[in-house]
file final14.pdb (PDB, C-alpha atoms and all ligand atoms)
ATOM      1  CA  MET A  87    -123.203  -5.620-138.250
ATOM      2  CA  SER A  88    -126.054  -6.567-140.555
ATOM      3  CA  SER A  89    -128.949  -4.202-140.095
ATOM      4  CA  LEU A  90    -132.416  -3.443-141.386
ATOM      5  CA  ILE A  91    -132.173   0.162-140.178
ATOM      6  CA  SER A  92    -132.139   2.871-142.833
ATOM      7  CA  GLU A  93    -129.061   5.109-142.788
ATOM      8  CA  ASP A  94    -131.050   8.283-142.136
ATOM      9  CA  LEU A  95    -132.113   6.821-138.784
ATOM     10  CA  ARG A  96    -128.599   5.725-137.796
ATOM     11  CA  ALA A  97    -127.775   8.715-135.579
ATOM     12  CA  ALA A  98    -131.120   8.551-133.735
ATOM     13  CA  VAL A  99    -130.837   4.783-133.232
ATOM     14  CA  ASP A 100    -127.274   5.022-131.933
ATOM     15  CA  ALA A 101    -128.225   7.843-129.551
ATOM     16  CA  ALA A 102    -131.132   5.758-128.220
ATOM     17  CA  LYS A 103    -128.828   2.756-127.729
ATOM     18  CA  ALA A 104    -126.377   4.849-125.701
ATOM     19  CA  ASP A 105    -129.207   6.367-123.657
ATOM     20  CA  VAL A 106    -130.944   3.046-122.918
ATOM     21  CA  CYS A 107    -127.638   1.367-122.010
ATOM     22  CA  ALA A 108    -126.684   4.148-119.577
ATOM     23  CA  LEU A 109    -130.157   4.229-117.992
ATOM     24  CA  HIS A 110    -129.958   0.512-117.158
ATOM     25  CA  ALA A 111    -127.285   1.344-114.564
ATOM     26  CA  HIS A 112    -129.971   2.993-112.418
ATOM     27  CA  LEU A 113    -131.859  -0.277-111.938
ATOM     28  CA  PRO A 114    -129.241  -2.218-109.916
ATOM     29  CA  ALA A 115    -127.983   1.018-108.317
ATOM     30  CA  ALA A 116    -131.468   1.725-106.923
ATOM     31  CA  GLY A 117    -131.944  -1.898-105.823
ATOM     32  CA  LEU A 118    -134.762  -2.470-108.308
ATOM     33  CA  VAL A 119    -133.496  -5.671-109.953
ATOM     34  CA  ALA A 120    -131.955  -9.056-109.200
ATOM     35  CA  TRP A 121    -129.534 -10.753-111.623
ATOM     36  CA  THR A 122    -130.724 -10.046-115.206
ATOM     37  CA  SER A 123    -134.364  -9.222-114.433
ATOM     38  CA  GLY A 124    -135.735  -5.821-115.362
ATOM     39  CA  ASN A 125    -135.458  -3.818-118.556
ATOM     40  CA  VAL A 126    -135.573  -0.335-120.042
ATOM     41  CA  SER A 127    -136.667   0.562-123.553
ATOM     42  CA  ALA A 128    -136.921   3.772-125.558
ATOM     43  CA  ARG A 129    -138.825   4.733-128.657
ATOM     44  CA  VAL A 130    -136.533   6.012-131.414
ATOM     45  CA  PRO A 131    -137.798   9.557-132.080
ATOM     46  CA  GLY A 132    -139.346   9.939-135.496
ATOM     47  CA  ALA A 133    -139.454   6.210-136.253
ATOM     48  CA  ASP A 134    -141.594   3.159-135.487
ATOM     49  CA  LEU A 135    -138.638   1.593-133.702
ATOM     50  CA  MET A 136    -137.652   0.813-130.145
ATOM     51  CA  VAL A 137    -134.352   0.045-128.424
ATOM     52  CA  ILE A 138    -134.429  -2.477-125.567
ATOM     53  CA  LYS A 139    -132.138  -4.542-123.382
ATOM     54  CA  PRO A 140    -130.917  -7.871-124.749
ATOM     55  CA  SER A 141    -132.307 -10.946-123.011
ATOM     56  CA  GLY A 142    -130.222 -12.617-120.332
ATOM     57  CA  VAL A 143    -127.165 -10.312-120.427
ATOM     58  CA  GLU A 144    -125.829  -9.236-117.035
ATOM     59  CA  TYR A 145    -126.031  -5.554-116.183
ATOM     60  CA  VAL A 146    -122.253  -5.144-115.905
ATOM     61  CA  ASP A 147    -121.869  -6.515-119.442
ATOM     62  CA  LEU A 148    -124.360  -4.187-121.143
ATOM     63  CA  THR A 149    -122.891  -1.901-123.811
ATOM     64  CA  PRO A 150    -124.579   0.445-126.296
ATOM     65  CA  GLU A 151    -123.652  -2.017-129.054
ATOM     66  CA  SER A 152    -125.394  -4.896-127.242
ATOM     67  CA  MET A 153    -128.732  -3.061-127.142
ATOM     68  CA  VAL A 154    -131.349  -4.511-129.501
ATOM     69  CA  VAL A 155    -133.476  -2.630-132.030
ATOM     70  CA  CYS A 156    -137.006  -3.889-132.757
ATOM     71  CA  ASP A 157    -139.986  -2.607-134.657
ATOM     72  CA  LEU A 158    -143.162  -1.797-132.740
ATOM     73  CA  ASP A 159    -144.422  -5.340-133.288
ATOM     74  CA  GLY A 160    -141.392  -6.572-131.352
ATOM     75  CA  ARG A 161    -139.550  -7.999-134.367
ATOM     76  CA  LEU A 162    -135.754  -7.952-134.145
ATOM     77  CA  LEU A 163    -134.186  -5.560-136.668
ATOM     78  CA  GLU A 164    -130.674  -5.121-135.330
ATOM     79  CA  GLY A 165    -128.592  -6.695-132.613
ATOM     80  CA  GLY A 166    -126.401  -9.642-131.774
ATOM     81  CA  TYR A 167    -128.723 -10.898-129.024
ATOM     82  CA  GLN A 168    -132.376 -11.788-128.706
ATOM     83  CA  PRO A 169    -134.429  -8.924-127.264
ATOM     84  CA  SER A 170    -135.789  -9.024-123.717
ATOM     85  CA  SER A 171    -138.620 -11.494-123.218
ATOM     86  CA  ASP A 172    -140.764  -8.478-122.246
ATOM     87  CA  THR A 173    -140.313  -6.824-125.664
ATOM     88  CA  GLY A 174    -143.859  -7.629-126.791
ATOM     89  CA  SER A 175    -145.276  -5.825-123.755
ATOM     90  CA  HIS A 176    -143.128  -2.737-124.350
ATOM     91  CA  ALA A 177    -144.032  -2.755-128.061
ATOM     92  CA  TYR A 178    -147.751  -2.926-127.297
ATOM     93  CA  VAL A 179    -147.444   0.157-125.075
ATOM     94  CA  TYR A 180    -145.617   2.132-127.799
ATOM     95  CA  ARG A 181    -148.223   1.165-130.416
ATOM     96  CA  HIS A 182    -151.130   2.274-128.241
ATOM     97  CA  ARG A 183    -149.575   5.274-126.455
ATOM     98  CA  PRO A 184    -147.942   7.623-128.971
ATOM     99  CA  ASP A 185    -147.138   9.998-126.088
ATOM    100  CA  VAL A 186    -144.875   7.395-124.444
ATOM    101  CA  GLY A 187    -141.160   7.535-125.259
ATOM    102  CA  GLY A 188    -139.857   5.108-122.637
ATOM    103  CA  VAL A 189    -140.980   1.987-120.766
ATOM    104  CA  VAL A 190    -139.397   0.270-117.756
ATOM    105  CA  HIS A 191    -140.159  -3.091-116.172
ATOM    106  CA  THR A 192    -138.840  -4.336-112.822
ATOM    107  CA  HIS A 193    -139.725  -6.738-110.033
ATOM    108  CA  SER A 194    -138.524  -4.202-107.438
ATOM    109  CA  PRO A 195    -139.211  -5.833-104.080
ATOM    110  CA  TYR A 196    -141.432  -3.425-102.162
ATOM    111  CA  ALA A 197    -143.590  -2.442-105.120
ATOM    112  CA  THR A 198    -143.831  -6.061-106.250
ATOM    113  CA  SER A 199    -144.971  -7.096-102.772
ATOM    114  CA  TRP A 200    -148.010  -4.847-103.322
ATOM    115  CA  ALA A 201    -148.481  -6.432-106.773
ATOM    116  CA  ALA A 202    -148.305  -9.876-105.154
ATOM    117  CA  ARG A 203    -151.215  -8.895-102.919
ATOM    118  CA  GLY A 204    -153.078  -7.168-105.765
ATOM    119  CA  GLU A 205    -153.238  -4.030-103.663
ATOM    120  CA  ALA A 206    -152.924  -0.467-104.992
ATOM    121  CA  ILE A 207    -150.495   1.811-103.126
ATOM    122  CA  PRO A 208    -152.745   4.429-101.518
ATOM    123  CA  CYS A 209    -151.965   8.111-102.033
ATOM    124  CA  VAL A 210    -151.054   8.919 -98.433
ATOM    125  CA  LEU A 211    -148.029  11.174 -99.078
ATOM    126  CA  THR A 212    -147.559  14.442-100.911
ATOM    127  CA  ALA A 213    -144.738  12.822-102.909
ATOM    128  CA  ILE A 214    -147.169  10.179-104.205
ATOM    129  CA  ALA A 215    -149.680  12.876-105.177
ATOM    130  CA  ASP A 216    -146.881  14.787-106.926
ATOM    131  CA  GLU A 217    -145.468  11.940-108.970
ATOM    132  CA  PHE A 218    -148.465   9.654-109.450
ATOM    133  CA  GLY A 219    -151.487  11.923-109.137
ATOM    134  CA  GLY A 220    -153.353   9.419-106.960
ATOM    135  CA  ASP A 221    -153.175   5.810-105.893
ATOM    136  CA  ILE A 222    -150.652   3.688-107.799
ATOM    137  CA  PRO A 223    -152.989   1.230-109.542
ATOM    138  CA  VAL A 224    -153.007  -2.533-109.892
ATOM    139  CA  GLY A 225    -153.285  -4.071-113.356
ATOM    140  CA  PRO A 226    -154.624  -7.505-114.236
ATOM    141  CA  PHE A 227    -152.715 -10.752-114.013
ATOM    142  CA  ALA A 228    -151.457 -11.757-117.448
ATOM    143  CA  LEU A 229    -149.146 -14.459-118.776
ATOM    144  CA  ILE A 230    -145.956 -13.535-120.628
ATOM    145  CA  GLY A 231    -146.045 -14.458-124.291
ATOM    146  CA  ASP A 232    -148.942 -12.658-125.908
ATOM    147  CA  GLU A 233    -150.329  -9.125-125.829
ATOM    148  CA  SER A 234    -152.241  -9.420-122.571
ATOM    149  CA  ILE A 235    -149.576  -7.773-120.392
ATOM    150  CA  GLY A 236    -149.339  -4.783-122.740
ATOM    151  CA  ALA A 237    -153.116  -4.499-122.937
ATOM    152  CA  GLY A 238    -153.371  -4.656-119.140
ATOM    153  CA  ILE A 239    -150.800  -1.875-118.775
ATOM    154  CA  VAL A 240    -152.486   0.411-121.312
ATOM    155  CA  GLU A 241    -156.013  -0.183-119.980
ATOM    156  CA  THR A 242    -155.007   0.395-116.355
ATOM    157  CA  LEU A 243    -152.988   3.560-117.026
ATOM    158  CA  ALA A 244    -155.853   4.985-119.116
ATOM    159  CA  ARG A 245    -157.937   5.150-115.929
ATOM    160  CA  SER A 246    -155.197   6.803-113.857
ATOM    161  CA  ASN A 247    -152.789   9.747-113.702
ATOM    162  CA  SER A 248    -150.058   7.354-112.657
ATOM    163  CA  PRO A 249    -147.054   6.571-114.877
ATOM    164  CA  ALA A 250    -146.677   3.291-112.936
ATOM    165  CA  VAL A 251    -148.802   0.166-112.750
ATOM    166  CA  LEU A 252    -148.441  -2.795-110.393
ATOM    167  CA  MET A 253    -149.204  -5.813-112.569
ATOM    168  CA  ARG A 254    -150.904  -8.349-110.337
ATOM    169  CA  ASN A 255    -148.734 -11.280-109.204
ATOM    170  CA  HIS A 256    -145.892  -9.983-111.401
ATOM    171  CA  GLY A 257    -144.225  -6.599-110.951
ATOM    172  CA  VAL A 258    -143.929  -2.980-112.017
ATOM    173  CA  PHE A 259    -144.269  -1.342-115.423
ATOM    174  CA  THR A 260    -143.681   2.388-115.793
ATOM    175  CA  VAL A 261    -143.974   4.771-118.731
ATOM    176  CA  GLY A 262    -142.666   8.264-119.459
ATOM    177  CA  LYS A 263    -142.223  10.850-122.166
ATOM    178  CA  SER A 264    -138.643   9.632-122.247
ATOM    179  CA  ALA A 265    -136.881   6.487-121.069
ATOM    180  CA  ARG A 266    -135.289   8.608-118.341
ATOM    181  CA  ALA A 267    -138.728   9.689-117.081
ATOM    182  CA  ALA A 268    -139.860   6.049-117.021
ATOM    183  CA  VAL A 269    -136.747   5.096-115.018
ATOM    184  CA  LYS A 270    -137.475   7.916-112.575
ATOM    185  CA  ALA A 271    -141.036   6.589-112.138
ATOM    186  CA  ALA A 272    -139.641   3.088-111.477
ATOM    187  CA  VAL A 273    -137.358   4.473-108.759
ATOM    188  CA  MET A 274    -140.148   6.579-107.243
ATOM    189  CA  VAL A 275    -142.732   3.775-107.176
ATOM    190  CA  GLU A 276    -140.344   1.573-105.220
ATOM    191  CA  ASP A 277    -139.650   4.439-102.810
ATOM    192  CA  ALA A 278    -143.384   5.041-102.309
ATOM    193  CA  ALA A 279    -144.073   1.323-101.841
ATOM    194  CA  ARG A 280    -141.351   1.044 -99.183
ATOM    195  CA  THR A 281    -142.395   4.142 -97.253
ATOM    196  CA  VAL A 282    -146.101   3.263 -97.187
ATOM    197  CA  HIS A 283    -145.202  -0.270 -96.133
ATOM    198  CA  LEU A 284    -143.132   1.098 -93.232
ATOM    199  CA  ALA A 285    -145.953   3.447 -92.226
ATOM    200  CA  ARG A 286    -148.433   0.583 -92.139
ATOM    201  CA  VAL A 287    -146.164  -1.400 -89.823
ATOM    202  CA  HIS A 288    -146.995   1.258 -87.228
ATOM    203  CA  GLY A 289    -150.720   1.367 -87.947
ATOM    204  CA  PRO A 290    -153.360   2.506 -90.409
ATOM    205  CA  VAL A 291    -152.603   5.248 -92.925
ATOM    206  CA  THR A 292    -154.936   8.008 -94.119
ATOM    207  CA  ARG A 293    -155.349   8.797 -97.801
ATOM    208  CA  LEU A 294    -155.072  12.438 -98.889
ATOM    209  CA  SER A 295    -158.295  14.048-100.088
ATOM    210  CA  ASP A 296    -158.992  14.048-103.826
ATOM    211  CA  ALA A 297    -158.874  17.868-103.785
ATOM    212  CA  ASP A 298    -155.436  17.942-102.149
ATOM    213  CA  ILE A 299    -154.124  15.242-104.500
ATOM    214  CA  LYS A 300    -155.339  17.226-107.511
ATOM    215  CA  ALA A 301    -153.785  20.470-106.255
ATOM    216  CA  LEU A 302    -150.461  18.818-105.457
ATOM    217  CA  HIS A 303    -150.290  16.960-108.779
ATOM    218  CA  GLU A 304    -151.129  20.041-110.834
ATOM    219  CA  ARG A 305    -148.584  22.173-109.021
ATOM    220  CA  TYR A 306    -145.887  19.542-109.435
ATOM    221  CA  THR A 307    -146.735  18.880-113.063
ATOM    222  CA  ASN A 308    -147.006  22.502-114.133
ATOM    223  CA  ALA A 309    -144.878  24.623-111.817
ATOM    224  CA  TYR A 310    -142.190  22.485-110.204
ATOM    225  CA  GLY A 311    -138.607  22.404-111.430
ATOM    226  CA  GLN A 312    -136.511  24.711-113.528
ATOM    227  CA  GLN A 313    -139.066  26.405-115.730
ATOM    228  CA  GLY A 314    -137.694  27.642-119.027
ATOM    229  CA  ARG A 315    -134.638  25.384-118.857
ATOM    230  CA  PRO A 316    -134.128  22.141-120.735
ATOM    231  CA  SER A 317    -135.909  19.450-118.775
ATOM    232  CA  THR A 318    -133.992  16.450-117.481
ATOM    233  CA  GLU A 319    -137.151  14.474-118.334
ATOM    234  CA  ASN A 320    -136.224  14.905-121.983
ATOM    235  CA  GLY A 321    -132.864  13.328-121.480
ATOM    236  CA  ALA A 322    -130.796  16.523-121.105
ATOM    237  CA  LYS A 323    -128.619  16.824-118.026
TER     238      LYS A 323
HETATM  239 ZN    ZN B   1    -141.397  -9.466-115.215
END

call {"tool": "encode", "arguments": {"input": "final14.pdb", "output": "structure tokens"}}
result
Amino acid sequence: MSSLISEDLRAAVDAAKADVCALHAHLPAAGLVAWTSGNVSARVPGADLMVIKPSGVEYVDLTPESMVVCDLDGRLLEGGYQPSSDTGSHAYVYRHRPDVGGVVHTHSPYATSWAARGEAIPCVLTAIADEFGGDIPVGPFALIGDESIGAGIVETLARSNSPAVLMRNHGVFTVGKSARAAVKAAVMVEDAARTVHLARVHGPVTRLSDADIKALHERYTNAYGQQGRPSTENGAK
């Protein structure tokens, strides 16, 4: 395969390809995607590179070798397919958020129904406070094709604790320290959207207080899980 990747990055690139390919299986399994929609990307550690899903390839046909490598301007560097049409949005996030190691995009149905209405998901459950640290925000409407989706994601998340944003009239983007963390956020935002929707079928819901949200989020962020062990958020299992 012809490649513009330097040999010293080969092991890191190949590991990212395997990781991103495997993580894509979560999207159909969790009911987050229809047909070929949705995508996962990962930053290659130590390089200005990202690995992302090829455009238009069915989930069952994805292999590590079919993953596409781009630079952080979205230019194709390695791969037999064109990169996802959302590559420019992912690349913008990596350029402007050095802390982000993974990005996910879906049109998962419950969360996207909130995006269709331009309505934030209110923080009415402890699980939402834990994972999102407040309401799950709405980002601006933006057309695919330039940097406006990426800019809308970065600007909206800068004003929020949330790793997820509901892009108005479009769908969900999530970020994480790793691609696995971003996939987890994509699963959790759909779960939150569904549960709050079901609650509202029965009647009004009550938002948690800011003080309770802060306490829950800090406890979850700092104390929850297997302290002192390798974190699954970093890709270890
Ligand atoms: Zn989309």

call {"tool": "resolve_selection", "arguments": {"input": "final14.pdb", "expression": "the PyMOL selection byres (((chain A and resi 101) around 12) and not hetatm)", "output": "list in words"}}
result
Leu95, Arg96, Ala97, Ala98, Val99, Asp100, Ala102, Lys103, Ala104, Asp105, Val106, Cys107, Ala108, Ala128, Arg129, Val130, Pro131, Met136, Val137, Pro150, Glu151, Met153, Val155 and Gly321 of chain A

call {"tool": "resolve_selection", "arguments": {"input": "final14.pdb", "expression": "the PyMOL selection byres (((chain A and resi 141) around 12) and not hetatm)", "output": "PDB file with C-alpha atoms, keeping the file's coordinate frame"}}
result
ATOM      1  CA  TRP A 121    -129.534 -10.753-111.623  1.00  0.00           C
ATOM      2  CA  THR A 122    -130.724 -10.046-115.206  1.00  0.00           C
ATOM      3  CA  SER A 123    -134.364  -9.222-114.433  1.00  0.00           C
ATOM      4  CA  GLY A 124    -135.735  -5.821-115.362  1.00  0.00           C
ATOM      5  CA  ASN A 125    -135.458  -3.818-118.556  1.00  0.00           C
ATOM      6  CA  VAL A 126    -135.573  -0.335-120.042  1.00  0.00           C
ATOM      7  CA  ILE A 138    -134.429  -2.477-125.567  1.00  0.00           C
ATOM      8  CA  LYS A 139    -132.138  -4.542-123.382  1.00  0.00           C
ATOM      9  CA  PRO A 140    -130.917  -7.871-124.749  1.00  0.00           C
ATOM     10  CA  GLY A 142    -130.222 -12.617-120.332  1.00  0.00           C
ATOM     11  CA  VAL A 143    -127.165 -10.312-120.427  1.00  0.00           C
ATOM     12  CA  GLU A 144    -125.829  -9.236-117.035  1.00  0.00           C
ATOM     13  CA  TYR A 145    -126.031  -5.554-116.183  1.00  0.00           C
ATOM     14  CA  ASP A 147    -121.869  -6.515-119.442  1.00  0.00           C
ATOM     15  CA  LEU A 148    -124.360  -4.187-121.143  1.00  0.00           C
ATOM     16  CA  SER A 152    -125.394  -4.896-127.242  1.00  0.00           C
ATOM     17  CA  MET A 153    -128.732  -3.061-127.142  1.00  0.00           C
ATOM     18  CA  VAL A 154    -131.349  -4.511-129.501  1.00  0.00           C
ATOM     19  CA  GLY A 165    -128.592  -6.695-132.613  1.00  0.00           C
ATOM     20  CA  GLY A 166    -126.401  -9.642-131.774  1.00  0.00           C
ATOM     21  CA  TYR A 167    -128.723 -10.898-129.024  1.00  0.00           C
ATOM     22  CA  GLN A 168    -132.376 -11.788-128.706  1.00  0.00           C
ATOM     23  CA  PRO A 169    -134.429  -8.924-127.264  1.00  0.00           C
ATOM     24  CA  SER A 170    -135.789  -9.024-123.717  1.00  0.00           C
ATOM     25  CA  SER A 171    -138.620 -11.494-123.218  1.00  0.00           C
ATOM     26  CA  ASP A 172    -140.764  -8.478-122.246  1.00  0.00           C
ATOM     27  CA  THR A 173    -140.313  -6.824-125.664  1.00  0.00           C
TER      28      THR A 173
END

call {"tool": "closest_residue", "arguments": {"input": "final14.pdb", "among": "A:Phe259, A:Phe218, A:Trp200, A:Tyr180", "to": "ligand ZN 1 (chain B)", "atoms": "only C-alpha atoms and all ligand atoms"}}
result
A:Phe259

call {"tool": "atom_distance", "arguments": {"input": "final14.pdb", "atom1": "CA of Asp221 (chain A)", "atom2": "CA of Ala206 (chain A)"}}
result
6.3 Å

call {"tool": "resolve_selection", "arguments": {"input": "final14.pdb", "expression": "the PyMOL selection byres (((chain A and resi 202) around 9) and not hetatm)", "output": "PyMOL selection string"}}
result
chain A and resi 197-201+203-205+252-257

call {"tool": "axis_aligned_box", "arguments": {"input": "final14.pdb", "around": "region 257-263 of chain A", "padding_each_side": "4 Å", "output": "lines of an AutoDock Vina configuration file"}}
result
center_x = -143.2
center_y = 2.1
center_z = -116.6
size_x = 10.0
size_y = 25.4
size_z = 19.2

call {"tool": "closest_residue", "arguments": {"input": "final14.pdb", "among": "A:Val258, A:Ala265, A:Leu294, A:Ala271", "to": "Leu109 (chain A)", "atoms": "only C-alpha atoms"}}
result
A:Ala265

call {"tool": "closest_residue", "arguments": {"input": "final14.pdb", "among": "A:Ile230, A:Ala279, A:Ala111, A:Ile299", "to": "ligand ZN 1 (chain B)", "atoms": "all atoms listed in the file"}}
result
A:Ile230

call {"tool": "closest_residue", "arguments": {"input": "final14.pdb", "among": "A:Gly188, A:Pro223, A:Pro208, A:Gly231", "to": "ligand ZN 1 (chain B)", "atoms": "only C-alpha atoms and all ligand atoms"}}
result
A:Gly231
